[in-house]
Each structure stands twice: as structure tokens, then as C-alpha cells.
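entry.cif follows; it contains mmCIF, C-alpha atoms.
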```
data_work
loop_
_atom_site.label_atom_id
_atom_site.label_comp_id
_atom_site.auth_asym_id
_atom_site.auth_seq_id
_atom_site.Cartn_x
_atom_site.Cartn_y
_atom_site.Cartn_z
CA MET A 171 -24.57 10.41 7.17
CA LEU A 172 -21.73 12.61 5.93
CA GLY A 173 -20.96 14.45 9.15
CA LEU A 174 -18.28 17.08 8.54
CA ALA A 175 -17.41 15.74 5.08
CA ASN A 176 -17.41 18.18 2.16
CA TYR A 177 -15.80 15.92 -0.44
CA LEU A 178 -16.57 12.47 -1.86
CA PRO A 179 -13.73 11.00 -3.91
CA ILE A 180 -14.36 7.72 -5.72
CA LEU A 181 -11.42 5.42 -4.97
CA HIS A 182 -10.31 1.85 -5.58
CA VAL A 183 -8.27 -0.77 -3.75
CA ARG A 184 -5.16 -0.12 -5.83
CA LYS A 185 -1.48 0.16 -5.00
CA ALA A 186 -1.27 3.85 -5.92
CA GLU A 187 -4.47 4.95 -4.20
CA ILE A 188 -4.09 3.21 -0.83
CA PRO A 189 -0.90 4.98 0.36
CA ALA A 190 -2.08 8.30 -1.12
CA TYR A 191 -5.14 8.24 1.13
CA GLU A 192 -3.44 6.60 4.09
CA MET A 193 -0.87 9.40 4.30
CA LEU A 194 -3.45 12.18 4.55
CA SER A 195 -3.66 13.97 7.88
CA ASN A 196 -6.43 13.00 10.26
CA VAL A 197 -7.87 16.49 9.82
CA ASP A 198 -8.30 15.81 6.10
CA LYS A 199 -9.70 12.32 6.61
CA ASP A 200 -12.34 13.67 8.97
CA ARG A 201 -13.57 15.95 6.15
CA ILE A 202 -13.75 13.27 3.46
CA PHE A 203 -16.42 10.64 2.84
CA PRO A 204 -14.92 8.32 0.22
CA LEU A 205 -16.73 5.88 -2.01
CA ILE A 206 -14.41 2.89 -2.30
CA ALA A 207 -14.96 0.23 -4.95
CA LEU A 208 -14.21 -3.18 -3.46
CA GLN A 209 -12.00 -5.40 -5.60
CA LYS A 210 -9.36 -8.06 -5.06
CA TRP A 211 -5.98 -6.98 -3.75
CA HIS A 212 -4.19 -9.99 -5.22
CA HIS A 213 -5.52 -13.19 -6.72
CA LYS A 214 -3.82 -15.22 -3.97
CA ASN A 215 -5.28 -13.18 -1.12
CA PRO A 216 -8.81 -13.53 0.28
CA LEU A 217 -11.23 -10.62 0.06
CA SER A 218 -10.44 -9.82 3.69
CA SER A 219 -7.05 -8.52 2.47
CA SER A 220 -8.85 -5.83 0.50
CA LEU A 221 -10.79 -4.85 3.60
CA ASP A 222 -7.53 -4.68 5.56
CA LYS A 223 -6.17 -2.26 2.95
CA ILE A 224 -9.28 -0.11 3.23
CA SER A 225 -8.84 -0.09 7.00
CA GLN A 226 -5.31 1.21 6.46
CA MET A 227 -6.83 4.08 4.51
CA VAL A 228 -9.82 5.15 6.57
CA GLY A 229 -9.31 3.63 10.00
CA ASP A 230 -12.70 3.23 11.66
CA ARG A 231 -14.30 6.09 9.72
CA GLN A 232 -17.37 5.44 7.62
CA PHE A 233 -17.11 5.05 3.85
CA ALA A 234 -19.44 4.14 1.01
CA CYS A 235 -18.66 0.70 -0.36
CA ASP A 236 -19.37 -0.45 -3.90
CA ILE A 237 -18.37 -3.66 -5.69
CA ILE A 238 -16.42 -4.14 -8.92
CA LYS A 239 -18.09 -7.31 -10.19
CA PRO A 240 -15.55 -9.73 -11.72
CA ILE A 241 -16.31 -10.58 -15.35
CA LYS A 242 -15.00 -14.15 -15.22
CA PRO A 243 -14.24 -15.05 -11.60
CA LYS A 244 -11.52 -17.70 -11.36
CA HIS A 245 -9.58 -16.94 -8.20
CA ASP A 246 -10.93 -17.09 -4.65
CA PRO A 247 -11.29 -13.31 -4.05
CA ASP A 248 -13.12 -12.90 -7.36
CA ILE A 249 -15.46 -15.73 -6.43
CA GLU A 250 -16.10 -14.03 -3.06
CA LEU A 251 -16.86 -10.75 -4.81
CA ALA A 252 -19.15 -12.34 -7.36
CA ALA A 253 -21.12 -14.01 -4.57
CA LEU A 254 -21.89 -10.57 -3.10
CA THR A 255 -23.57 -9.50 -6.35
CA VAL A 256 -26.03 -12.43 -6.58
CA PRO A 257 -29.56 -10.94 -6.49
CA ASP A 258 -31.24 -13.94 -4.85
CA ASP A 259 -33.44 -13.16 -1.86
CA GLY A 260 -32.91 -9.43 -2.13
CA TYR A 261 -29.11 -9.59 -2.42
CA VAL A 262 -28.98 -11.35 0.91
CA ALA A 263 -25.20 -11.98 0.70
CA TRP A 264 -24.52 -8.26 0.29
CA ARG A 265 -26.87 -7.40 3.13
CA ARG A 266 -25.13 -9.87 5.42
CA PHE A 267 -21.75 -8.48 4.40
CA ALA A 268 -22.89 -4.93 5.22
CA ALA A 269 -24.22 -6.08 8.59
CA LYS A 270 -20.77 -7.43 9.52
CA HIS A 271 -18.95 -4.18 8.77
CA GLN A 272 -20.43 -1.32 10.75
CA ASN A 273 -18.38 1.47 9.12
CA ILE A 274 -19.62 0.54 5.64
CA ILE A 275 -22.42 2.53 4.01
CA PRO A 276 -23.37 0.09 1.23
CA VAL A 277 -24.02 1.04 -2.37
CA LEU A 278 -27.23 -0.51 -3.69
CA GLN A 279 -26.21 -3.41 -5.95
CA ARG A 280 -27.99 -3.75 -9.29
CA HIS A 281 -26.86 -6.90 -11.08
CA GLY A 282 -30.17 -8.29 -12.21
CA GLY A 283 -32.96 -9.91 -10.29
CA LYS A 284 -36.55 -8.82 -9.89
CA PRO A 285 -37.83 -5.42 -8.66
CA ALA A 286 -38.73 -7.19 -5.44
CA ASP A 287 -35.04 -8.04 -4.94
CA ILE A 288 -34.04 -4.38 -5.27
CA ARG A 289 -36.77 -3.38 -2.84
CA LEU A 290 -35.88 -6.05 -0.31
CA GLN A 291 -32.20 -5.13 -0.60
CA ALA A 292 -32.92 -1.44 0.06
CA GLU A 293 -35.13 -2.19 3.04
CA GLY A 294 -32.55 -4.62 4.41
CA LEU A 295 -29.69 -2.16 4.03
CA LEU A 296 -31.67 0.51 5.86
CA GLU A 297 -32.22 -2.01 8.65
CA VAL A 298 -28.63 -3.23 9.03
CA SER A 299 -26.68 -0.09 8.08
CA GLY A 300 -29.16 2.70 8.66
CA SER A 301 -28.53 4.15 5.20
CA PHE A 302 -27.45 3.32 1.67
CA VAL A 303 -26.12 4.88 -1.53
CA VAL A 304 -27.46 4.84 -5.07
CA ARG A 305 -24.87 5.39 -7.80
CA LEU A 306 -26.20 6.58 -11.16
CA ARG A 307 -23.56 6.01 -13.84
CA ARG A 308 -23.37 7.45 -17.32
CA ASP A 309 -21.28 4.46 -18.47
CA THR A 310 -24.37 2.30 -17.89
CA LYS A 311 -26.58 4.88 -19.67
CA TRP A 312 -27.91 6.10 -16.29
CA ARG A 313 -29.99 2.88 -15.96
CA LEU A 314 -33.00 3.94 -13.90
CA ASN A 315 -35.90 1.55 -14.47
CA ASP A 316 -34.99 -0.94 -11.75
CA LEU A 317 -34.90 1.90 -9.21
CA ARG A 318 -38.67 2.33 -9.39
CA ALA A 319 -38.68 -0.29 -6.66
CA LEU A 320 -37.49 2.40 -4.21
CA LYS A 321 -40.70 4.41 -4.48
CA GLY A 322 -42.48 4.71 -1.15
CA LEU A 323 -39.36 4.29 1.00
CA SER A 324 -38.82 7.05 3.55
CA LEU A 325 -35.54 8.44 2.20
CA ASN A 326 -33.80 11.67 3.21
CA ARG A 327 -30.30 13.12 3.56
CA ASP A 328 -29.81 11.30 6.86
CA ASN A 329 -30.25 7.81 5.40
CA PHE A 330 -29.74 8.20 1.66
CA LEU A 331 -27.01 9.49 -0.66
CA LEU A 332 -27.24 9.81 -4.43
CA VAL A 333 -24.02 9.78 -6.45
CA ALA A 334 -24.43 11.08 -10.00
CA ASP A 335 -21.31 9.76 -11.72
CA TYR A 336 -20.68 11.16 -15.20
CA GLY A 337 -17.35 9.34 -15.54
CA GLN A 338 -14.71 10.73 -17.86
CA LEU A 339 -15.01 14.34 -19.04
CA ASP A 340 -12.96 14.36 -22.23
CA MET A 341 -11.18 17.56 -23.21
CA ARG A 342 -13.64 18.01 -26.09
CA THR A 343 -16.71 17.50 -23.90
CA ASP A 344 -18.79 20.61 -23.28
CA VAL A 345 -19.19 20.80 -19.50
CA ASN A 346 -22.59 22.50 -19.79
CA ILE A 347 -23.92 19.70 -22.00
CA ALA A 348 -22.49 17.05 -19.65
CA ALA A 349 -24.09 18.79 -16.68
CA ALA A 350 -27.44 19.05 -18.46
CA GLU A 351 -27.41 15.33 -19.25
CA THR A 352 -26.57 14.49 -15.65
CA LEU A 353 -29.24 16.79 -14.26
CA ALA A 354 -31.85 15.23 -16.56
CA ALA A 355 -31.04 11.78 -15.14
CA ILE A 356 -31.24 13.11 -11.58
CA GLU A 357 -34.57 14.81 -12.18
CA LYS A 358 -36.02 11.66 -13.72
CA PHE A 359 -34.89 9.58 -10.75
CA VAL A 360 -36.19 12.11 -8.22
CA ALA A 361 -39.62 12.23 -9.90
CA MET A 362 -39.75 8.46 -10.32
CA ILE A 363 -39.46 7.69 -6.59
CA ASP A 364 -40.92 10.97 -5.22
CA LEU A 365 -37.65 11.87 -3.50
CA GLU A 366 -37.94 15.15 -1.59
CA ASP A 367 -34.70 15.44 0.34
CA ALA A 368 -31.22 13.96 -0.07
CA THR A 369 -27.54 14.70 -0.49
CA ILE A 370 -26.37 14.45 -4.09
CA ALA A 371 -22.71 14.04 -5.04
CA PHE A 372 -21.84 15.31 -8.53
CA SER A 373 -18.88 13.28 -9.78
CA SER A 374 -16.66 13.25 -12.86
CA SER A 375 -13.00 13.06 -13.89
CA SER A 376 -11.14 15.18 -16.40
CA PHE A 377 -7.68 13.82 -15.62
CA PRO A 378 -6.14 12.84 -18.97
CA GLY A 379 -5.09 9.34 -19.94
CA ALA A 380 -2.13 10.51 -22.06
CA PHE A 381 0.12 13.56 -21.94
CA LYS A 382 2.54 13.62 -24.86
CA ASP A 383 -0.07 14.92 -27.30
CA ILE A 384 -1.13 17.65 -24.87
CA HIS A 385 2.45 18.87 -24.42
CA PRO A 386 5.53 16.62 -24.36
CA GLN A 387 7.15 18.47 -21.46
CA ARG A 388 4.83 20.64 -19.34
CA GLU A 389 1.30 21.97 -19.12
CA ARG A 390 -1.20 23.50 -16.72
CA LEU A 391 -4.54 21.69 -17.00
CA GLU A 392 -7.85 22.89 -15.61
CA ILE A 393 -9.59 20.61 -13.13
CA ARG A 394 -12.87 20.58 -15.03
CA GLU A 395 -14.60 18.52 -12.35
CA ARG A 396 -14.99 21.75 -10.37
CA GLN A 397 -16.66 23.49 -13.29
CA PHE A 398 -18.95 20.47 -13.76
CA TYR A 399 -19.89 20.62 -10.08
CA ARG A 400 -20.53 24.37 -10.10
CA VAL A 401 -22.81 24.16 -13.15
CA LEU A 402 -24.80 21.27 -11.65
CA ALA A 403 -25.10 22.84 -8.20
CA ALA A 404 -26.32 26.10 -9.75
CA SER A 405 -28.74 24.24 -12.03
CA ALA A 406 -30.16 22.28 -9.12
CA LEU A 407 -30.80 25.51 -7.24
CA SER A 408 -32.44 27.12 -10.25
CA GLN A 409 -34.71 24.06 -10.57
CA LYS A 410 -35.58 24.48 -6.88
CA LEU A 411 -34.35 21.00 -6.02
CA THR A 412 -34.00 21.09 -2.24
CA PHE A 413 -30.96 18.87 -1.99
CA ARG A 414 -27.53 19.25 -0.44
CA PRO A 415 -24.86 19.15 -3.18
CA ILE A 416 -21.40 17.74 -2.48
CA TYR A 417 -18.33 17.77 -4.70
CA SER A 418 -17.01 14.45 -5.98
CA ASP A 419 -14.30 13.28 -8.38
CA ARG A 420 -12.00 10.33 -9.10
CA ALA A 421 -9.12 11.72 -7.01
CA SER A 422 -7.15 12.79 -10.12
CA VAL A 423 -7.41 9.36 -11.74
CA HIS A 424 -8.53 8.90 -15.35
CA ALA A 425 -11.99 7.30 -15.41
CA GLY A 426 -11.84 5.86 -18.92
CA ASN A 427 -9.95 3.08 -20.66
CA ARG A 428 -6.33 4.08 -21.16
CA GLY A 429 -5.33 0.97 -23.05
CA GLY A 430 -1.98 -0.63 -22.35
CA GLY A 431 1.21 -2.00 -23.85
CA GLY A 432 4.23 -0.02 -24.93
CA GLN A 433 7.17 0.86 -22.70
CA GLY A 434 5.16 2.61 -20.03
CA PRO A 435 4.78 6.34 -19.38
CA ALA A 436 7.70 8.74 -19.52
CA PRO A 437 8.86 9.98 -16.09
CA ARG A 438 6.43 12.68 -14.97
CA VAL A 439 5.84 14.68 -11.79
CA ASP A 440 2.34 16.10 -11.28
CA TYR A 441 1.48 18.93 -8.92
CA PRO A 442 -2.19 19.61 -8.16
CA VAL A 443 -3.33 23.04 -7.04
CA SER A 444 -6.94 23.90 -6.22
CA GLY A 445 -8.10 24.46 -9.78
CA HIS A 446 -5.36 22.96 -11.96
CA TRP A 447 -2.94 20.11 -12.42
CA ILE A 448 0.60 21.07 -13.41
CA TYR A 449 2.86 18.43 -14.85
CA GLU A 450 6.53 18.25 -15.76
CA ARG A 451 7.28 15.36 -18.10
CA ARG A 452 10.70 14.18 -19.26
CA GLU A 453 11.51 11.61 -21.93
CA ILE A 454 14.72 9.67 -21.37
CA ASP A 455 17.52 10.85 -23.65
CA ALA A 456 20.90 9.12 -23.25
CA ILE A 457 22.87 12.08 -24.62
CA ASP A 458 21.30 14.64 -22.27
CA PRO A 459 22.81 14.40 -18.75
CA GLU A 460 19.62 15.78 -17.20
CA ARG A 461 17.53 13.06 -18.88
CA ALA A 462 19.99 10.20 -19.22
CA ASP A 463 17.86 7.77 -17.18
CA LYS A 464 14.55 7.71 -15.35
CA GLU A 465 16.13 8.81 -12.07
CA SER A 466 17.61 11.98 -13.57
CA CYS A 467 14.30 12.65 -15.34
CA TYR A 468 12.36 12.49 -12.06
CA VAL A 469 14.88 14.74 -10.31
CA ASN A 470 14.79 17.26 -13.16
CA ALA A 471 10.98 17.26 -13.23
CA ALA A 472 10.71 17.68 -9.46
CA LYS A 473 13.11 20.63 -9.55
CA ALA A 474 10.98 22.25 -12.25
CA ILE A 475 7.86 21.84 -10.09
CA LEU A 476 9.60 23.53 -7.15
CA ALA A 477 10.59 26.40 -9.43
CA CYS A 478 7.12 27.00 -10.90
CA ASP A 479 4.98 29.96 -9.86
CA ASP A 480 2.29 27.69 -8.38
CA TRP A 481 4.57 25.93 -5.91
CA ASP A 482 3.32 26.42 -2.34
CA ASN A 483 6.25 26.26 0.02
CA ASP A 484 3.91 26.20 3.02
CA LEU A 485 2.22 22.99 1.91
CA LEU A 486 3.37 20.17 4.18
CA SER A 487 1.40 17.22 2.82
CA TRP A 488 3.11 13.86 2.36
CA GLY A 489 3.00 14.29 -1.42
CA SER A 490 4.61 17.73 -1.41
CA GLN A 491 7.34 16.44 0.88
CA ALA A 492 8.02 13.69 -1.65
CA ILE A 493 8.51 16.28 -4.42
CA ARG A 494 10.96 18.16 -2.19
CA ARG A 495 12.92 14.96 -1.54
CA ALA A 496 13.09 14.10 -5.22
CA ALA A 497 14.31 17.59 -6.08
CA SER A 498 17.15 17.04 -3.59
CA MET A 499 18.03 13.82 -5.46
CA ASN A 500 16.53 11.46 -2.88
CA LEU A 501 14.43 9.01 -4.90
CA VAL A 502 13.97 6.31 -2.27
CA MET A 503 10.48 4.85 -2.93
CA LEU A 504 10.01 7.41 -5.73
CA ASP A 505 11.37 5.56 -8.72
CA SER A 506 8.22 4.41 -10.52
CA PRO A 507 5.06 5.86 -12.13
CA GLN A 508 2.97 4.12 -9.46
CA ARG A 509 4.79 5.95 -6.67
CA TRP A 510 4.35 9.29 -8.42
CA THR A 511 0.68 8.59 -8.95
CA SER A 512 0.39 8.20 -5.16
CA VAL A 513 2.13 11.55 -4.71
CA ARG A 514 -0.30 13.29 -7.06
CA ILE A 515 -3.40 11.70 -5.56
CA ASN A 516 -2.32 12.60 -2.03
CA ILE A 517 -1.84 16.27 -2.90
CA HIS A 518 -5.05 16.36 -4.95
CA LEU A 519 -7.10 14.88 -2.11
CA HIS A 520 -5.67 17.44 0.30
CA ARG A 521 -6.32 20.35 -2.07
CA GLN A 522 -9.92 19.39 -2.80
CA THR A 523 -10.71 18.68 0.84
CA ASN A 524 -9.55 22.19 1.69
CA PHE A 525 -10.85 23.85 -1.48
CA ASP A 526 -12.99 26.45 0.28
CA GLU A 527 -11.35 26.78 3.66
CA ALA A 528 -8.12 25.19 4.84
CA PRO A 529 -7.27 24.68 8.52
CA PRO A 530 -3.90 26.06 9.65
CA PRO A 531 -0.95 24.06 8.22
CA GLU A 532 0.11 22.80 11.65
CA GLN A 533 -3.18 20.91 11.99
CA HIS A 534 -2.11 18.71 9.08
CA GLU A 535 1.24 17.79 10.59
CA ASP A 536 0.43 14.25 11.70
CA GLU A 537 3.45 12.05 12.21
CA TRP A 538 4.17 9.93 9.16
CA VAL A 539 6.78 7.37 8.28
CA ASP A 540 8.41 7.40 4.87
#
```
File written out as C-alpha cells:
Amino acid sequence: MLGLANYLPILHVRKAEIPAYEMLSNVDKDRIFPLIALQKWHHKNPLSSSLDKISQMVGDRQFACDIIKPIKPKHDPDIELAALTVPDDGYVAWRRFAAKHQNIIPVLQRHGGKPADIRLQAEGLLEVSGSFVVRLRRDTKWRLNDLRALKGLSLNRDNFLLVADYGQLDMRTDVNIAAAETLAAIEKFVAMIDLEDATIAFSSSSFPGAFKDIHPQRERLEIRERQFYRVLAASALSQKLTFRPIYSDRASVHAGNRGGGGQGPAPRVDYPVSGHWIYERREIDAIDPERADKESCYVNAAKAILACDDWDNDLLSWGSQAIRRAASMNLVMLDSPQRWTSVRINIHLHRQTNFDEAPPPEQHEDEWVD
């Protein structure tokens, strides 16, 4: 199912995430198997617009597809999405949707219904797509009981992928405790359906939702998702679970609720390296010429990133090129937090894809248009 992929980022159809992924090199894209949560692109656009955006990202490559179920669907794309989550007749609408899109590996939907609906859905997805994904989520308390319906299915790493999604790893969360909780849920699921062979993605996010209280100007933050993955992979081996582990995260996006309101975030430039995120943050100060407006703040922050010890001058990703342009005072298409989020995600995706072994830089030099 995963082919050459060694990385499973969980992504969404959002304005910051789409260009970040789209601008990866083809070499990187061939080594990534993303899980993309389907949601509306705009309330005036049909659901097909969201699929067009995903096509911009992945081309004709396979990806796991989940659904963000609308809470109160009012607009047409929300109504389309909600229809895909109806459990009637074994989630027949979702099965038909998967059958129409051959590069989709569907995530098993679990929005009520009877055990027979879950079973029929799983059997149908195996028939139309050849494989499916189960996503265990801590934010739903690992809900397992309805998955008993999968017992007896012939599942293995060729037709089945398990994503163990812890969600947000807060700075105060002990990674070992988080890993132990996740492993307990996995072991219970494995025993419940007599699963003997599969690929398991261990996913989490430690990217913060706020920065001022960490340090108002700069900091070097550990990517704790890697530690979480290492602990889980080692624990699985010690428990003699014969599964293939794969690293997963939220692509340097906070997984929790960040709230809203206020005047928006201060200008900030983030620079991911393999094991850390480095950020340079500047608050606008009218009496300081280097921070007089948001443009000068972004330029100042980008220059600081280029001057830091972790800057890799050989990195030629789209995101790193954007930091170079900003440092030279060219802020075309780089004048908002959303744009800089795209820059960070693009670099992070590249770094994690090549975490163990990177191809030569020239292999990543696909033509791109700014």
C-alpha cells in the first residue's frame, strides 16, 4: 500500500497546507503517503473543488482520505460531506465515493450505525479500493468497541493501515506516558480483531499554539513527535508486535484548539530542521525602524534565520528559498501569517521525508513558479 513512503503526515484542505505540499519536489512526494482530511474549500464551492485542491497537491499519487464531518451542515459542500458519513447500508455513499476515485485509500468511517454497517463498509472498501485505513484517535478516547466488527477479515500490511493518532502533545505531557497510553490502545485493538500483520503509523503533534509565553523573540523547540515515535516503535518491538512502524505527524501544525480573536499573531518566521523548530518572532514597534511595520518585522526575522547556526545554505526547498527572498527584502506573496505557515510546512515536510537519508540536493530541484 505505502510503496516507497516512509512518512505519513496528516493534512487538511486548507490554504496554508495546499501550497506547502504542492511545492514539494516530486522526489519528496514519491516518499510520502499523506492522510488528507476532506473538508469544504469554500461554502460556495462544491465538494469537487476540495478534490481539485488535493489533486494539486498529490497529482495522481495515492493518499488516505478521511472526512471532517460538518457539525451543522448548511451549505452545499457541507451537505455533500455529511451525506458521505451516513451509516445506512454499510456507509454505501462513502463506498461509492471511494469507488469513483481510484487514488483514494479510504479511512473507515465511524459515525454511528450498527456493527453490521461497519463490517459491510470494511468489506466493501476492500472490494472497491483494495485496502482501507483505521484511525484510532485519542480525542475520541480511542473508541474501539465498534471495531470488533472487523474480526475475521483477512487484513495485512498490503491491504490495511492503522493510524494511532495521539493528537496534541503538550509541552507538559510526558512522552513515555503518552506512548504507553497509545500502545495500550493498539494492543487492545490488535487482540480484539486477531490482527497479525499490518503497518502502523504513530502520529502526534507538539507544535505549539502560542509563542509569546515560550519566548517573545526566539526559541529552538524540540520536535517531540520524533521522540514519541521512537518510544512507540521500540515498545512495539519489545512486545514482539510484528508490524511495520511508520512515522507520522501533523506537518508542524498544532493539533489542538488555539482559540481565536485578538489582533492575530505577531510576524514570525519558522525554520524546521530535522529535530527542532527554530522561530524568530518580532512584535511591531513604531519607534524601532527594524520593527516599524509587519514588513520590516518579517525581513528582520528572516535575516535572523539566515544568520543562525542551524541555517543550511545547501537546502533548496521552496520554503527555504522564500526565507532567502524575504531576507533580501522581497516580500511578494510573503506578507501574511498564512503564507509563512506554508513556508514552514513545506520545509518541515521535506525535512521529515528525508530524516534518515536524503537524496542529493539536485534531485529536489523541480521547476517551480513563485
(request) For atom CA of A:Ile274 and atom CA of A:Phe233, determine how far apart the two atoms are, in Å to one decimal place. (result)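 Separation of atom CA of A:Ile274 and atom CA of A:Phe233: 5.5 Å.
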(request) Fewer than 5 positions away in the same chain doesn't count, so skip those; otherwise give me all residues within 7 Å of A:Asp335, counting all atoms listed in the file, as a PyMOL selection string. (result) chain A and resi 305-308+372-374
Within 8 Å of (-23.1, -7.5, -8.3) (file coordinates; only C-alpha atoms), which protein or nucleic acid residues are there? I'd like them as a tab-separated table (two decimals) with C-alpha atoms, in the coordinates of the input.
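Saved result, point.tsv, follows:
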```tsv
chain	number	residue	atom	x	y	z
A	237	ILE	CA	-18.37	-3.66	-5.69
A	238	ILE	CA	-16.42	-4.14	-8.92
A	239	LYS	CA	-18.09	-7.31	-10.19
A	251	LEU	CA	-16.86	-10.75	-4.81
A	252	ALA	CA	-19.15	-12.34	-7.36
A	253	ALA	CA	-21.12	-14.01	-4.57
A	254	LEU	CA	-21.89	-10.57	-3.10
A	255	THR	CA	-23.57	-9.50	-6.35
A	256	VAL	CA	-26.03	-12.43	-6.58
A	257	PRO	CA	-29.56	-10.94	-6.49
A	279	GLN	CA	-26.21	-3.41	-5.95
A	280	ARG	CA	-27.99	-3.75	-9.29
A	281	HIS	CA	-26.86	-6.90	-11.08
```
Compile the contact shell of stretch 197-203 of chain A as a short mmCIF file (atom, residue, chain, number, x, y, z; two decimals) with C-alpha atoms, in the frame of the given file: residues with an atom at most 7 Å away, counting all atoms listed in the file, same-chain residues fewer than 4 positions apart removed.
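Saved as selection15.cif:
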```cif
data_model
loop_
_atom_site.label_atom_id
_atom_site.label_comp_id
_atom_site.auth_asym_id
_atom_site.auth_seq_id
_atom_site.Cartn_x
_atom_site.Cartn_y
_atom_site.Cartn_z
CA LEU A 172 -21.73 12.61 5.93
CA LEU A 174 -18.28 17.08 8.54
CA ALA A 175 -17.41 15.74 5.08
CA ASN A 176 -17.41 18.18 2.16
CA TYR A 177 -15.80 15.92 -0.44
CA LEU A 178 -16.57 12.47 -1.86
CA PHE A 233 -17.11 5.05 3.85
CA HIS A 520 -5.67 17.44 0.30
CA THR A 523 -10.71 18.68 0.84
CA GLN A 533 -3.18 20.91 11.99
CA HIS A 534 -2.11 18.71 9.08
#
```
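The point (-39.8, 15.8, -5.6) has these residues within 12 Å of it when all atoms listed in the file are used: A:Lys321, A:Leu325, A:Asn326, A:Ile356, A:Glu357, A:Lys358, A:Phe359, A:Val360, A:Ala361, A:Met362, A:Ile363, A:Asp364, A:Leu365, A:Glu366, A:Asp367, A:Ala368, A:Gln409, A:Lys410, A:Leu411, A:Thr412, A:Phe413.
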Resulting file, chosen residues, C-alpha atoms, as an mmCIF file, keeping the file's coordinate frame:
```cif
data_model
loop_
_atom_site.group_PDB
_atom_site.id
_atom_site.type_symbol
_atom_site.label_atom_id
_atom_site.label_comp_id
_atom_site.auth_asym_id
_atom_site.auth_seq_id
_atom_site.Cartn_x
_atom_site.Cartn_y
_atom_site.Cartn_z
ATOM 1 C CA LYS A 321 -40.700 4.410 -4.480
ATOM 2 C CA LEU A 325 -35.540 8.440 2.200
ATOM 3 C CA ASN A 326 -33.800 11.670 3.210
ATOM 4 C CA ILE A 356 -31.240 13.110 -11.580
ATOM 5 C CA GLU A 357 -34.570 14.810 -12.180
ATOM 6 C CA LYS A 358 -36.020 11.660 -13.720
ATOM 7 C CA PHE A 359 -34.890 9.580 -10.750
ATOM 8 C CA VAL A 360 -36.190 12.110 -8.220
ATOM 9 C CA ALA A 361 -39.620 12.230 -9.900
ATOM 10 C CA MET A 362 -39.750 8.460 -10.320
ATOM 11 C CA ILE A 363 -39.460 7.690 -6.590
ATOM 12 C CA ASP A 364 -40.920 10.970 -5.220
ATOM 13 C CA LEU A 365 -37.650 11.870 -3.500
ATOM 14 C CA GLU A 366 -37.940 15.150 -1.590
ATOM 15 C CA ASP A 367 -34.700 15.440 0.340
ATOM 16 C CA ALA A 368 -31.220 13.960 -0.070
ATOM 17 C CA GLN A 409 -34.710 24.060 -10.570
ATOM 18 C CA LYS A 410 -35.580 24.480 -6.880
ATOM 19 C CA LEU A 411 -34.350 21.000 -6.020
ATOM 20 C CA THR A 412 -34.000 21.090 -2.240
ATOM 21 C CA PHE A 413 -30.960 18.870 -1.990
#
```
(message) My list of candidates is A:Val228, A:Ala492, A:Leu476, A:Leu339. Which is closest to A:Gly426 when distances are computed with only C-alpha atoms?
(response)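 For A:Gly426, the nearest of the given residues is A:Leu339.
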(request) Fewer than 3 positions away in the same chain doesn't count, so skip those; otherwise give me all residues within 12 Å of A:Lys382, counting all atoms listed in the file, as a VMD selection string. (result) chain A and resid 378 to 379 385 to 389 435 to 438 449 to 453
(message) If I take atom CA of A:Cys235 and atom CA of A:Ala207, how far is one from the other in Å, to one decimal?
(response) 5.9 Å
(request) One decimal, Å: what's the distance from atom CA of A:Lys473 over to atom CA of A:Leu504, could you say? (result)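 Distance reported for this atom pair: 14.1 Å.
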(message) Under the PyMOL selection byres ((chain A and resi 294) around 10), which residues of this model are included? Write them out as an MDAnalysis selection string.
(response) chainID A and resid 260:262 264:266 268:269 288:293 295:302
(message) Could you check the closest approach to A:Val439 for each of A:Trp510, A:Tyr417, A:Leu485, A:Asp479 and tell me which residue wins, using all atoms listed in the file?
(response)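 Comparing A:Trp510, A:Tyr417, A:Leu485, A:Asp479 against A:Val439, the winner is A:Trp510.
With distances taken over all atoms listed in the file, A:Ser498 is the one residue among A:Ser195, A:Ser498, A:Ser444, A:Ser490 lying closest to A:Ser466.
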Give the padded box for stretch 318-323 of chain A as AutoDock Vina command-line options: axis-aligned, covering all atoms listed in the file, 5 Å on each side, centre and edge lengths in Å to one decimal.
```
--center_x -40.0 --center_y 2.2 --center_z -4.2 --size_x 15.0 --size_y 15.0 --size_z 20.4
```
(request) Can you turn the PyMOL selection byres ((chain A and resi 345-353) around 12) into a concrete residue list for this file, as a VMD selection string? (result) chain A and resid 306 to 309 311 to 312 333 to 344 354 to 360 370 to 376 393 to 409 411
(request) Using only C-alpha atoms, determine which residues lie at most 12 Å from A:Arg494, disregarding the query and same-chain residues fewer than 5 positions distant; provide the list as a PyMOL selection string. (result) chain A and resi 439+441+468-477+481-489+499-501+504+513
(request) Would you please work out which residue, of A:Gly434, A:Pro243, A:Pro179, A:Pro459, is nearest to A:Gln508 when using all atoms listed in the file? (result) A:Gly434
